[in-house]
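Worksheet: the structure to be examined is printed underneath.
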Amino acid sequence: MDANLMDTNLVERLTDGIFSKALQVRRMIQRGATDLMHLPLAEIVALSERVEALLTPQQLAEGLETVGRQRWHKPTVEMSVRDGYAEWSKQYDEEPNPLIALEEPVVLELVGDVEGKDVLDAACGTGRYALLFAGAGARVCGVDGSEEMLTHARKKTADGDLTLDLRNADLHTLPFEDESFDLVLSALALCHVPDLSPVMAEFARVLRPGGRVVISDFHPFCLLIGWRTCFDRPEARYWIENHFNLTEEYVRSLLASDFEVTDLRESVVDERVAGILSDHDIERFRGWPAALVVAATLKEGE
Ligand SMILES: C[S@@+](CC[C@H](N)C(=O)[O-])C[C@H]1O[C@@H](n2cnc3c(N)ncnc32)[C@H](O)[C@@H]1O
């Protein structure tokens, strides 16, 4: 970094990823954040000091404003579920996801021991849960409507030397016989489904009597306040088509398919997203429900 930084391309240079991060840190320091130890790149702090030393207060303010404008006002692009996950699949596993950080511990608690069970991961994506359950001794099938997401799941299955039956299929028409599974897990996918009832009926069909379903999802509260399933790229924020269903609809559609709802959790924003969301956002959204997790058991025949 030298005096060339002060050229007419200053604003462009500042929006480059590393400068953007450095300025983010600078902004956090300005706001009085004292605990920055969770930041993955401690040297960014030093870099932010160098940026500050090289810039006049006015240049710093301009840079901050430009970075902020680009972050919050970059174009948004609507995508279908199919196209959205085809693109997101390329980095889905690498990008820290605050929703997963809030959802996964609750799901694992409600799922419990899966050893020796027949498990369906419905909308398995890149195989986050399918692989975990296979590793824990379950016989696992996974379905997803995105071939690109499944490609990653297949690769990880091979790399992990695990056996999984992964198929490209829609949640509305599961390619399995009646009463094939002890557990159906469906994570973060039903927010893409307009009507929950036919999907819950499919889950009931493929479960054995007494079998369990555990569903996690983007909390409808989030969709109501305008948050969306999305991923960021430097040029734009991509929004994947969502459908809004009240919490009540998750429960009602399960009851209508002969399930008994045994648990319902609303996982709220807290320290579990430290390092993924900024300290400022954690304080701002603390206590807001981000993930909905419902567990239910299919009634035994009369
Ligand atoms: C946010 S990802 C979640 C993936 C995985 N369950 C996880 O939690 O990491 C949502 C997944 O749902 C799949 N999906 C959405 N609607 C679907 C449908 N109607 N049938 C099958 N898959 C669907 C998408 O292709 C995508 O892989």
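For the structure tokens, the naming scheme is as follows: chains receive sequential letters (A, B, ...) according to their order of presentation, residues are indexed from 1 within each chain, and ligands are indexed from 1 in presentation order.
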Find the spatial neighbours of A:Glu241, counting only C-alpha atoms, within a cut-off of 9 Å - ignore same-chain residues fewer than 3 positions away - and output them as a PyMOL selection string. chain A and resi 78-81+84+191-192+228-229
Kindly provide, as an MDAnalysis selection string, all nucleotide and amino acid residues lying within 9 Å of ligand 1, counting only C-alpha atoms and all ligand atoms. chainID A and resid 81:82 84:86 89 92:93 100 103:104 121:130 143:150 168:174 185:193 199 216:218 229
Enumerate as a VMD selection string all residues of stretch 126-185 of chain A assigned to strand (DSSP E) by DSSP on the backbone, naming them with the chain letters and numbers the document uses. chain A and resid 139 to 144 164 to 168 181 to 185
Quick one: pull the distance between atom CA of A:Leu132 and atom CA of A:Ala101, Å, one decimal. 15.4 Å
Close residues, A:Cys141 itself excluded, 6 Å, only C-alpha atoms, min 3 positions apart in chain, as an NGL selection string: :A and (120 or 164-166)
Write the residues of the preceding selection, restricted to C-alpha atoms, as a tab-separated table (two decimals), in the first residue's frame.
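Written file, again.tsv:
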chain	number	residue	atom	x	y	z
A	120	LEU	CA	-34.87	-39.91	4.62
A	164	LEU	CA	-26.01	-43.12	0.74
A	165	ASP	CA	-28.88	-43.48	-1.69
A	166	LEU	CA	-29.12	-39.99	-3.24
Nearest to A:Val273 among A:Ile225, A:Leu99, A:Val77, A:Ala136, with distances taken over only C-alpha atoms: which residue is it? A:Leu99
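For the set A:Pro234, A:Trp288, A:Arg167, A:Leu196, the residue with the smallest atom-to-atom gap to A:Arg252 is A:Leu196, counting only C-alpha atoms.
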Which residues are close to A:Phe221, i.e. within 9 Å by only C-alpha atoms, leaving aside same-chain residues fewer than 6 positions away? Reply as number ranges by chain. A: 227, 246-247, 288-290
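Between A:Ala153 and the residues A:Val213, A:Glu177, A:His280, A:Lys90, the shortest atom-to-atom distance, using only C-alpha atoms, involves A:Lys90.
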Would you kindly return, as number ranges by chain, each protein, DNA or RNA residue with an atom no farther than 9 Å from any atom of A:Val111, considering only C-alpha atoms and excluding same-chain residues fewer than 4 positions away? A: 106-107, 183, 185, 212-214, 295
Keeping only N, CA and C atoms, write those residues as a PDB file, in the first residue's frame.
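Output (selection36.pdb):
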ATOM      1  N   VAL A 106     -30.492 -27.436  17.408  1.00  0.00           N
ATOM      2  CA  VAL A 106     -31.871 -27.787  17.797  1.00  0.00           C
ATOM      3  C   VAL A 106     -32.323 -29.034  17.038  1.00  0.00           C
ATOM      4  N   VAL A 107     -32.014 -29.089  15.753  1.00  0.00           N
ATOM      5  CA  VAL A 107     -32.395 -30.258  14.944  1.00  0.00           C
ATOM      6  C   VAL A 107     -31.744 -31.515  15.515  1.00  0.00           C
ATOM      7  N   LEU A 183     -37.544 -42.234  10.101  1.00  0.00           N
ATOM      8  CA  LEU A 183     -37.391 -40.783  10.346  1.00  0.00           C
ATOM      9  C   LEU A 183     -37.305 -40.051   9.006  1.00  0.00           C
ATOM     10  N   LEU A 185     -36.292 -36.224   7.814  1.00  0.00           N
ATOM     11  CA  LEU A 185     -35.746 -34.927   8.219  1.00  0.00           C
ATOM     12  C   LEU A 185     -35.835 -34.019   7.002  1.00  0.00           C
ATOM     13  N   ARG A 212     -41.015 -40.735  12.869  1.00  0.00           N
ATOM     14  CA  ARG A 212     -40.941 -39.315  13.252  1.00  0.00           C
ATOM     15  C   ARG A 212     -40.508 -38.441  12.086  1.00  0.00           C
ATOM     16  N   VAL A 213     -41.008 -37.201  12.120  1.00  0.00           N
ATOM     17  CA  VAL A 213     -40.534 -36.203  11.169  1.00  0.00           C
ATOM     18  C   VAL A 213     -39.952 -35.039  11.971  1.00  0.00           C
ATOM     19  N   VAL A 214     -38.822 -34.515  11.512  1.00  0.00           N
ATOM     20  CA  VAL A 214     -38.261 -33.287  12.090  1.00  0.00           C
ATOM     21  C   VAL A 214     -38.071 -32.305  10.934  1.00  0.00           C
ATOM     22  N   ALA A 295     -41.057 -31.038  15.516  1.00  0.00           N
ATOM     23  CA  ALA A 295     -40.935 -32.507  15.517  1.00  0.00           C
ATOM     24  C   ALA A 295     -42.327 -33.101  15.692  1.00  0.00           C
TER      25      ALA A 295
END
Based on DSSP run over this structure's backbone, return all residues of stretch 129-212 of chain A in alpha helix (DSSP H), as an NGL selection string. :A and (129-135 or 147-159 or 196-206)
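Here atom CA of A:Leu254 and atom CA of A:Val269 stand 26.2 Å from one another.
Those residues that approach A:Gly160 to within 10 Å, counting only C-alpha atoms, are Leu131, Gly135 and Arg154 of chain A; same-chain residues fewer than 6 positions away are not listed.
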Measuring between only C-alpha atoms, which one of A:Val261, A:Ala274, A:Ala256, A:Val184 shows the shortest distance to A:Gly142? A:Val184
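For the residues A:Lys74, A:Lys156, A:His243, A:Arg265, ranking by smallest atom-to-atom distance to A:Gly226 using only C-alpha atoms places A:His243 first.
The gap separating atom CA of A:Tyr250 from atom CA of A:Pro198 is 11.7 Å, in Å to one decimal.
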Excluding A:Arg205 and its own-chain neighbours fewer than 3 positions away, which residues fall within 8 Å of it when counting only C-alpha atoms? Please give them as an MDAnalysis selection string. chainID A and resid 178:179 201:202 208
Output the selection as a PDB file, in the first residue's frame - all heavy atoms for each residue.
ATOM      1  N   ASP A 178     -44.485 -46.897   0.258  1.00  0.00           N
ATOM      2  CA  ASP A 178     -45.112 -46.519   1.532  1.00  0.00           C
ATOM      3  C   ASP A 178     -44.323 -47.164   2.680  1.00  0.00           C
ATOM      4  O   ASP A 178     -43.754 -48.253   2.520  1.00  0.00           O
ATOM      5  CB  ASP A 178     -46.550 -47.050   1.610  1.00  0.00           C
ATOM      6  CG  ASP A 178     -47.454 -46.431   0.546  1.00  0.00           C
ATOM      7  OD1 ASP A 178     -46.981 -45.561  -0.205  1.00  0.00           O
ATOM      8  OD2 ASP A 178     -48.628 -46.847   0.459  1.00  0.00           O
ATOM      9  N   GLU A 179     -44.323 -46.530   3.804  1.00  0.00           N
ATOM     10  CA  GLU A 179     -43.762 -47.070   5.056  1.00  0.00           C
ATOM     11  C   GLU A 179     -42.307 -47.551   4.911  1.00  0.00           C
ATOM     12  O   GLU A 179     -41.959 -48.658   5.301  1.00  0.00           O
ATOM     13  CB  GLU A 179     -44.655 -48.202   5.593  1.00  0.00           C
ATOM     14  CG  GLU A 179     -46.083 -47.744   5.829  1.00  0.00           C
ATOM     15  CD  GLU A 179     -46.960 -48.783   6.514  1.00  0.00           C
ATOM     16  OE1 GLU A 179     -46.422 -49.792   7.007  1.00  0.00           O
ATOM     17  OE2 GLU A 179     -48.176 -48.580   6.550  1.00  0.00           O
ATOM     18  N   ALA A 201     -48.161 -34.801   3.628  1.00  0.00           N
ATOM     19  CA  ALA A 201     -48.849 -36.067   3.313  1.00  0.00           C
ATOM     20  C   ALA A 201     -47.850 -37.067   2.714  1.00  0.00           C
ATOM     21  O   ALA A 201     -47.912 -38.276   3.004  1.00  0.00           O
ATOM     22  CB  ALA A 201     -49.999 -35.808   2.343  1.00  0.00           C
ATOM     23  N   GLU A 202     -46.921 -36.572   1.894  1.00  0.00           N
ATOM     24  CA  GLU A 202     -45.877 -37.445   1.329  1.00  0.00           C
ATOM     25  C   GLU A 202     -44.954 -37.966   2.435  1.00  0.00           C
ATOM     26  O   GLU A 202     -44.579 -39.147   2.433  1.00  0.00           O
ATOM     27  CB  GLU A 202     -45.029 -36.651   0.340  1.00  0.00           C
ATOM     28  CG  GLU A 202     -45.116 -36.925  -1.148  1.00  0.00           C
ATOM     29  CD  GLU A 202     -45.389 -38.340  -1.590  1.00  0.00           C
ATOM     30  OE1 GLU A 202     -46.501 -38.856  -1.321  1.00  0.00           O
ATOM     31  OE2 GLU A 202     -44.520 -38.935  -2.242  1.00  0.00           O
ATOM     32  N   ARG A 208     -43.074 -45.158   8.494  1.00  0.00           N
ATOM     33  CA  ARG A 208     -43.763 -46.266   9.166  1.00  0.00           C
ATOM     34  C   ARG A 208     -44.620 -45.696  10.301  1.00  0.00           C
ATOM     35  O   ARG A 208     -44.266 -44.645  10.871  1.00  0.00           O
ATOM     36  CB  ARG A 208     -42.729 -47.242   9.732  1.00  0.00           C
ATOM     37  CG  ARG A 208     -41.878 -47.821   8.639  1.00  0.00           C
ATOM     38  CD  ARG A 208     -40.859 -48.834   9.140  1.00  0.00           C
ATOM     39  NE  ARG A 208     -40.122 -49.297   7.970  1.00  0.00           N
ATOM     40  CZ  ARG A 208     -38.798 -49.215   7.818  1.00  0.00           C
ATOM     41  NH1 ARG A 208     -38.044 -48.749   8.784  1.00  0.00           N
ATOM     42  NH2 ARG A 208     -38.223 -49.626   6.699  1.00  0.00           N
TER      43      ARG A 208
END
